[in-house]
Each structure stands twice: as structure tokens, then as C-alpha cells.
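Participant: Before anything else, here's the structure in question.
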Amino acid sequence: MLCIKNLQKSYHTGNKSYPVLKGIDLTVANEEFVAVMGPSGSGKSTLLNCISCYIPFDEGIITLGGQELKGLKADDMAEIRNEKLGFVFQDFMLLDGLTIKENVLVPRIIQGKADAKARKDAEELLSLFGIASIGDKYPADVSGGEKQRAAVARSLINHPLLVLADEPTGNLDSKSSRAVIQAFEDARQNLGATVFMVTHDSFAASFCDRVILLKDGMIYDMLESDHKNQERPAAFQNRLLDAIRRMSSDETFSAEKPAEKSRKGGNAR
């Protein structure tokens with residue numbers, strides 16, 4: 001579904017260059033729920049922005065559904081963002097002057113396809129995520145968790161190949177966070193959705209199939225859940241927290257290449 005090879009990105013200030021992504025290689029399979037975690041400055045947001053092509057990258061290849069994204073014309077990339085990518089943001093990004101249902105319909109409105117079928121699709125998504133009763137309310141009248149579930153519904157209205165979620169639980173309490181993660185799980189189970197989520201929240205990440213740990217612009221580790229064999233999210237979260245502690249205390253990683261780290265037992269790949 002998503003394939004990234006040797007992704008490199010640097011920022012430049014005057015004559016100085018600051019590398020942020022240093023050769024990222026990863027894939028996300030169809031219907032997989034993947035999280036990316038790491039400290040501030042590790043490259044998480046830059047990675048997300050490169051995938052969506054909101055910022056250019058220096059080297060590497062990104063393909064979505066077999067289509068290479070680099071070098072596309074602006075109109076073609078805008079079409080991909082509307083039809084093949086869904087977005088969920090920390091700040092919800094709902095339009096205050098539209099109802100919840102109308103917000104969910106925004107991608108179809110942009111397409112000029114806000115017809116009866118689109119309205120039915122929106123209603124089905126609201127029902128799937130347990131917020132059908134607020135469809136005619138405005139964002140100011142609903143809770144943060146309801147806003148974010150509406151944002152998840154909006155991200156799925158065009159049946160995208162991939163949903164990119166940027167800190168989707170960052171502004172929510174634990175109960176609302178669980179409801180949003182449940183929305184992603186329901187989307188995968190009922191709609192075949194594929195989700196790539198950047199998060200600081202180990203609780204949210206513990207429900208994912210796989211968690212990628214970034215440090216200093218490189219993949220430090222990848223952890224796979226064992227949910228299929230009844231591993232509870234709490235047990236996976238403990239493994240995540242152990243790996244994060246190791247990463248935080250590892251002062252040698254930034255001086256090593258990922259392959260060297262892997263040979264030393266760091267599981268970078």
C-alpha cells in the first residue's frame with residue numbers, strides 16, 4: 001500500500017544543513033494500523049509531511065498504491081490528497097460554520113459530488129462511529145472526542161487508500177482517546193481502512209499492529225503486536241514503554257548507521 005525507500009530530508013538555514021530524515025525505509029500493508037513514535041525532533045511530523053508531499057524531500061521514493069508521488073504536478077497531487085489520502089489532525093480542523101454531517105461531506109463537496117449517495121455515506125460513517133445523533137449539531141456544541149470521530153469519518157468519506165493521522169488523541173482524555181482508536185479499528189474492520197498514525201501516546205499506539213520508533217531521523221526499532229494471539233494492549237504498551245526507555249538512554253545510536261545498530265541487537269530496519 002505505502003512503500004518508502006531511502007527517504008532523506010534536510011532543512012537549510014544559510015550555509016548550514018540540518019538532516020532530519022536519514023534514509024527511512026518502511027512499508028505499510030493494506031488494512032494495517034501502524035504508529036510512529038519518537039521524541040520531539042526525531043522526524044515524525046516531517047515524515048508525515050513528506051508522505052503527503054506537503055513538503056519536498058531530498059532523496060528517496062514514496063509510492064502509494066503503486067504510484068510514485070515525487071514529481072507529480074500540483075493538480076495531480078491535490079487530487080491524490082482528496083481521493084487517495086485521508087487526514088486526521090490533532091486540532092480536528094472542523095469548519096465551525098458547518099454541521100458535523102456537512103464537515104464529513106467536505107471532501108465530496110470539493111469534488112462537486114455532495115449528492116444523495118454522499119449524504120448517505122456520511123450518515124453511515126456517523127452511525128459506524130456512534131455519533132449519528134450529533135450530525136445536525138455544530139462543532140462548538142459537541143465534545144472533543146465527538147469532534148475527532150467526526151474528523152475520522154471525514155477522512156474516510158472518499159474511501160482513501162491511506163489515512164494519515166497526526167497526534168489524533170493529543171487533545172483528548174483517556175476515554176475519548178479510546179473512542180477515537182476504536183473508530184480507527186472499526187474503520188479497518190468494516191471499511192478495510194489502512195491507518196498510519198504519528199503519536200506521543202503509548203496508550204493509543206498499543207492498539208496498533210506495529211509501532212515504529214524514530215530517533216535522530218532514523219528507525220531505531222519496530223515492534224509488532226501479538227494481538228492475534230490475544231496479547232492485550234496493556235502488555236504491548238509495557239513492551240513499547242520498555243523500548244522507549246532503551247531508546248532514550250541509548251546515546252550511541254545517532255553515531256551509528258541503522259544496519260550497525262541492528263547487528264548490535266537494536267532491531268533497526
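In the C-alpha cells, the first chain shown is A, the next is B, and so on; residue numbers restart at 1 for each chain, and ligands run from 1 in the order shown.
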Residues near A:Tyr11, anyone? I mean within 10 Å using only C-alpha atoms, not counting same-chain ones fewer than 3 positions away, as a ChimeraX atom specification.
Facilitator: /A:16-21,57-58
Participant: Got a sec: who's within 6 Å of stretch 209-224 of chain A, counting only C-alpha atoms, leaving out chain neighbours fewer than 4 positions off, as a ChimeraX atom specification?
Facilitator: /A:20-22,33-38,42-43,267-268
Participant: Restricting the output to N, CA and C atoms, write the selected residues as a short mmCIF file (atom, residue, chain, number, x, y, z; two decimals), in the first residue's frame.
Facilitator:
```
data_model
loop_
_atom_site.label_atom_id
_atom_site.label_comp_id
_atom_site.auth_asym_id
_atom_site.auth_seq_id
_atom_site.Cartn_x
_atom_site.Cartn_y
_atom_site.Cartn_z
N VAL A 20 17.11 15.79 8.85
CA VAL A 20 16.00 15.41 9.73
C VAL A 20 15.62 13.95 9.51
N LEU A 21 15.54 13.52 8.27
CA LEU A 21 15.29 12.12 7.94
C LEU A 21 16.53 11.59 7.23
N LYS A 22 17.03 10.44 7.70
CA LYS A 22 18.34 9.97 7.25
C LYS A 22 18.27 8.57 6.66
N PHE A 33 -2.65 -1.08 10.71
CA PHE A 33 -2.72 0.08 11.60
C PHE A 33 -1.34 0.24 12.21
N VAL A 34 -0.61 1.28 11.76
CA VAL A 34 0.78 1.47 12.13
C VAL A 34 0.94 2.81 12.84
N ALA A 35 1.72 2.82 13.91
CA ALA A 35 2.02 4.06 14.62
C ALA A 35 3.50 4.37 14.51
N VAL A 36 3.80 5.67 14.54
CA VAL A 36 5.18 6.15 14.59
C VAL A 36 5.34 6.95 15.87
N MET A 37 6.34 6.59 16.67
CA MET A 37 6.61 7.29 17.93
C MET A 37 8.07 7.73 17.96
N GLY A 38 8.35 8.70 18.80
CA GLY A 38 9.72 9.17 18.96
C GLY A 38 9.71 10.51 19.65
N SER A 42 12.56 14.04 16.31
CA SER A 42 13.01 12.77 15.73
C SER A 42 12.65 12.64 14.26
N GLY A 43 11.73 13.48 13.77
CA GLY A 43 11.37 13.44 12.36
C GLY A 43 9.97 12.92 12.07
N ASN A 267 17.44 -4.00 16.53
CA ASN A 267 16.30 -4.29 15.67
C ASN A 267 15.94 -3.14 14.72
N ALA A 268 16.86 -2.22 14.45
CA ALA A 268 16.55 -1.17 13.47
C ALA A 268 16.51 -1.78 12.09
#
```
Participant: Identify, with DSSP run on backbone atoms, the residues in stretch 91-226 of chain A assigned to strand (DSSP E or B), and express the list as a VMD selection string.
Facilitator: chain A and resid 162 to 166 195 to 198 210 to 215 218 to 224
Participant: Using Å and a single decimal, report how far atom CA of A:Ser176 sits from atom CA of A:Gly130.
Facilitator: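 Computing the Euclidean distance for atom CA of A:Gly130 and atom CA of A:Ser176 yields 12.3 Å.
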Participant: Could you name the residues that touch A:Leu26 at 7 Å or less, counting only C-alpha atoms, but leaving out those on the same chain fewer than 3 positions away, as a ChimeraX atom specification?
Facilitator: /A:3-5
Participant: Would you mind exporting the chosen residues as a JSON list (two decimals), in the first residue's frame, restricted to N, CA and C atoms?
Facilitator:
```
[["chain", "number", "residue", "atom", "x", "y", "z"],
["A", 3, "CYS", "N", 4.90, 2.48, 0.38],
["A", 3, "CYS", "CA", 6.29, 2.00, 0.37],
["A", 3, "CYS", "C", 7.22, 3.21, 0.35],
["A", 4, "ILE", "N", 8.14, 3.24, 1.30],
["A", 4, "ILE", "CA", 9.10, 4.33, 1.41],
["A", 4, "ILE", "C", 10.51, 3.73, 1.36],
["A", 5, "LYS", "N", 11.34, 4.27, 0.47],
["A", 5, "LYS", "CA", 12.70, 3.75, 0.32],
["A", 5, "LYS", "C", 13.70, 4.91, 0.39]]
```
Participant: Write out, as a Markdown table, each residue of stretch 126-220 of chain A that has an atom at most 7 Å from stretch 64-88 of chain A, together with the closest pair of atoms and their distance in Å to one decimal, counting only C-alpha atoms, rows going by chain and rising number.
Facilitator:
```
| residue | atom | partner | partner_atom | distance |
| --- | --- | --- | --- | --- |
| A:Ala151 | CA | A:Val88 | CA | 5.9 |
| A:Val152 | CA | A:Val88 | CA | 6.1 |
| A:Ser155 | CA | A:Gly86 | CA | 4.2 |
| A:Leu156 | CA | A:Gly86 | CA | 6.2 |
| A:Asn158 | CA | A:Glu83 | CA | 5.7 |
| A:Pro160 | CA | A:Lys84 | CA | 4.1 |
| A:Leu161 | CA | A:Lys84 | CA | 5.0 |
| A:Leu162 | CA | A:Leu85 | CA | 5.1 |
| A:Val163 | CA | A:Gly86 | CA | 4.4 |
| A:Leu164 | CA | A:Phe87 | CA | 5.0 |
| A:Ala165 | CA | A:Val88 | CA | 4.6 |
| A:Asp166 | CA | A:Val88 | CA | 6.2 |
| A:Pro168 | CA | A:Val88 | CA | 6.3 |
```
Participant: Quick one: write out the picked residues with N, CA and C atoms as a PDB file, in the first residue's frame?
Facilitator:
```pdb
ATOM      1  N   ALA A 151     -13.963  13.825  12.535  1.00  0.00           N
ATOM      2  CA  ALA A 151     -12.803  14.014  11.663  1.00  0.00           C
ATOM      3  C   ALA A 151     -12.366  12.687  11.040  1.00  0.00           C
ATOM      4  N   VAL A 152     -12.440  11.611  11.809  1.00  0.00           N
ATOM      5  CA  VAL A 152     -12.128  10.285  11.256  1.00  0.00           C
ATOM      6  C   VAL A 152     -13.133   9.940  10.147  1.00  0.00           C
ATOM      7  N   SER A 155     -12.272  11.783   7.049  1.00  0.00           N
ATOM      8  CA  SER A 155     -11.084  11.241   6.380  1.00  0.00           C
ATOM      9  C   SER A 155     -11.412  10.019   5.532  1.00  0.00           C
ATOM     10  N   LEU A 156     -12.552   9.371   5.816  1.00  0.00           N
ATOM     11  CA  LEU A 156     -12.901   8.119   5.143  1.00  0.00           C
ATOM     12  C   LEU A 156     -13.994   8.269   4.096  1.00  0.00           C
ATOM     13  N   ASN A 158     -14.163   9.458   1.214  1.00  0.00           N
ATOM     14  CA  ASN A 158     -13.781   9.139  -0.167  1.00  0.00           C
ATOM     15  C   ASN A 158     -13.114   7.774  -0.298  1.00  0.00           C
ATOM     16  N   PRO A 160     -10.311   6.401   1.037  1.00  0.00           N
ATOM     17  CA  PRO A 160      -8.908   6.580   0.632  1.00  0.00           C
ATOM     18  C   PRO A 160      -8.097   5.299   0.779  1.00  0.00           C
ATOM     19  N   LEU A 161      -6.963   5.276   0.090  1.00  0.00           N
ATOM     20  CA  LEU A 161      -6.047   4.153   0.245  1.00  0.00           C
ATOM     21  C   LEU A 161      -5.388   4.175   1.619  1.00  0.00           C
ATOM     22  N   LEU A 162      -5.158   5.374   2.147  1.00  0.00           N
ATOM     23  CA  LEU A 162      -4.407   5.510   3.390  1.00  0.00           C
ATOM     24  C   LEU A 162      -4.926   6.704   4.180  1.00  0.00           C
ATOM     25  N   VAL A 163      -5.092   6.513   5.491  1.00  0.00           N
ATOM     26  CA  VAL A 163      -5.427   7.606   6.393  1.00  0.00           C
ATOM     27  C   VAL A 163      -4.169   7.996   7.159  1.00  0.00           C
ATOM     28  N   LEU A 164      -3.809   9.277   7.098  1.00  0.00           N
ATOM     29  CA  LEU A 164      -2.680   9.816   7.849  1.00  0.00           C
ATOM     30  C   LEU A 164      -3.225  10.549   9.068  1.00  0.00           C
ATOM     31  N   ALA A 165      -2.846  10.100  10.242  1.00  0.00           N
ATOM     32  CA  ALA A 165      -3.355  10.684  11.487  1.00  0.00           C
ATOM     33  C   ALA A 165      -2.201  11.305  12.254  1.00  0.00           C
ATOM     34  N   ASP A 166      -2.304  12.600  12.527  1.00  0.00           N
ATOM     35  CA  ASP A 166      -1.241  13.337  13.211  1.00  0.00           C
ATOM     36  C   ASP A 166      -1.683  13.661  14.633  1.00  0.00           C
ATOM     37  N   PRO A 168      -3.774  12.166  16.753  1.00  0.00           N
ATOM     38  CA  PRO A 168      -5.235  12.271  16.806  1.00  0.00           C
ATOM     39  C   PRO A 168      -5.821  12.250  18.207  1.00  0.00           C
TER      40      PRO A 168
END
```
Participant: So which one's closest to A:Gln148, A:Ile61, A:Cys208, A:Cys50, A:Ile181? Using only C-alpha atoms, please.
Facilitator: A:Ile181
Participant: Using Å and a single decimal, report how far atom CA of A:Pro139 sits from atom CA of A:Leu95.
Facilitator: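 These two atoms are separated by 7.5 Å.
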Participant: Name the closest residue to A:Thr194 among the candidates A:Ala153, A:His159, A:Ser10, A:Ala140; distances are taken between atoms, counting only C-alpha atoms.
Facilitator: A:His159
Participant: Compare A:Pro233, A:Pro107, A:Pro39, A:Gly170 by their minimum atom-to-atom distance to A:Phe89, counting only C-alpha atoms, and give me the closest one.
Facilitator: A:Gly170
Participant: Excluding A:Ile134 and any residue of its chain fewer than 5 positions from it, enumerate the residues within 9 Å of it, using only C-alpha atoms, and give them as a list in words.
Facilitator: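 The neighbour list is Thr99, Ile100, Lys101, Leu126, Asp141, Val142 and Glu146 of chain A.
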Participant: Can I get the selection written as a PDB file, in the first residue's frame, with C-alpha atoms?
Facilitator:
```
ATOM      1  CA  THR A  99     -22.741  20.942  10.874  1.00  0.00           C
ATOM      2  CA  ILE A 100     -20.946  17.736  11.792  1.00  0.00           C
ATOM      3  CA  LYS A 101     -22.524  15.942   8.843  1.00  0.00           C
ATOM      4  CA  LEU A 126     -21.511   8.761  11.622  1.00  0.00           C
ATOM      5  CA  ASP A 141     -21.814  22.040  20.530  1.00  0.00           C
ATOM      6  CA  VAL A 142     -20.045  18.666  20.765  1.00  0.00           C
ATOM      7  CA  GLU A 146     -17.009  13.550  19.111  1.00  0.00           C
TER       8      GLU A 146
END
```
Participant: Which of these residues is nearest to A:Gln90, using only C-alpha atoms: A:Gln237, A:Ser45, A:Ser249, A:Thr13?
Facilitator: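 For A:Gln90, the nearest of the candidates is A:Ser45.
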Participant: Would you give me, as number ranges by chain, the residues in stretch 63-157 of chain A that DSSP reads as helix (DSSP H, G or I)?
Facilitator: A: 74-83, 100-104, 106-111, 116-128, 132-134, 139-141, 144-156
Participant: Generate a file of the selected residues that holds C-alpha atoms, formatted as a short mmCIF file (atom, residue, chain, number, x, y, z; two decimals), in the first residue's frame.
Facilitator:
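Generated output (part.cif):
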```cif
data_model
loop_
_atom_site.label_atom_id
_atom_site.label_comp_id
_atom_site.auth_asym_id
_atom_site.auth_seq_id
_atom_site.Cartn_x
_atom_site.Cartn_y
_atom_site.Cartn_z
CA ALA A 74 0.23 20.25 -8.18
CA ASP A 75 -3.24 19.42 -9.54
CA ASP A 76 -2.48 15.70 -9.61
CA MET A 77 -1.16 15.79 -6.04
CA ALA A 78 -4.22 17.73 -4.87
CA GLU A 79 -6.41 15.03 -6.40
CA ILE A 80 -4.47 12.32 -4.57
CA ARG A 81 -4.83 14.17 -1.26
CA ASN A 82 -8.57 14.45 -1.79
CA GLU A 83 -9.28 10.95 -3.10
CA ILE A 100 -20.95 17.74 11.79
CA LYS A 101 -22.52 15.94 8.84
CA GLU A 102 -21.56 18.77 6.48
CA ASN A 103 -17.99 18.63 7.79
CA VAL A 104 -17.84 14.94 6.99
CA VAL A 106 -16.33 18.41 2.79
CA PRO A 107 -14.10 16.16 0.62
CA ARG A 108 -17.15 15.30 -1.53
CA ILE A 109 -18.11 18.97 -1.69
CA ILE A 110 -14.62 19.74 -3.00
CA GLN A 111 -15.18 17.10 -5.68
CA ALA A 116 -27.71 11.89 -2.11
CA LYS A 117 -25.26 8.97 -2.15
CA ALA A 118 -22.60 11.11 -0.46
CA ARG A 119 -25.06 12.15 2.24
CA LYS A 120 -25.99 8.51 2.79
CA ASP A 121 -22.29 7.58 3.04
CA ALA A 122 -21.78 10.34 5.61
CA GLU A 123 -24.72 9.13 7.67
CA GLU A 124 -23.40 5.56 7.61
CA LEU A 125 -19.98 6.73 8.81
CA LEU A 126 -21.51 8.76 11.62
CA SER A 127 -23.53 5.72 12.63
CA LEU A 128 -20.48 3.45 12.48
CA ALA A 132 -25.23 9.79 14.31
CA SER A 133 -27.14 11.77 16.93
CA ILE A 134 -24.88 14.82 16.53
CA PRO A 139 -18.61 21.66 16.27
CA ALA A 140 -18.98 24.15 19.13
CA ASP A 141 -21.81 22.04 20.53
CA GLY A 144 -13.58 16.84 21.69
CA GLY A 145 -13.92 13.09 21.28
CA GLU A 146 -17.01 13.55 19.11
CA LYS A 147 -15.20 16.13 17.00
CA GLN A 148 -12.32 13.75 16.42
CA ARG A 149 -14.59 10.86 15.49
CA ALA A 150 -16.26 13.22 13.02
CA ALA A 151 -12.80 14.01 11.66
CA VAL A 152 -12.13 10.28 11.26
CA ALA A 153 -15.42 9.97 9.38
CA ARG A 154 -14.44 12.87 7.12
CA SER A 155 -11.08 11.24 6.38
CA LEU A 156 -12.90 8.12 5.14
#
```
Participant: Do you have the atom CA of A:Ser52-atom CA of A:Ile131 distance handy?
Facilitator: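 Distance between the two atoms: 28.1 Å.
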Participant: Find, counting only C-alpha atoms, the residue in A:Lys113, A:Leu105, A:Ala235, A:Gln230 that gets nearest to A:Gly135.
Facilitator: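 So, comparing all the options, the nearest one is A:Leu105.
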Participant: Point out the residue among A:Leu2, A:Val28, A:Leu240, A:Val198 with the least atom-to-atom distance to A:Asn49, counting only C-alpha atoms.
Facilitator: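 With only C-alpha atoms as the atom set, the closest residue is A:Val198.
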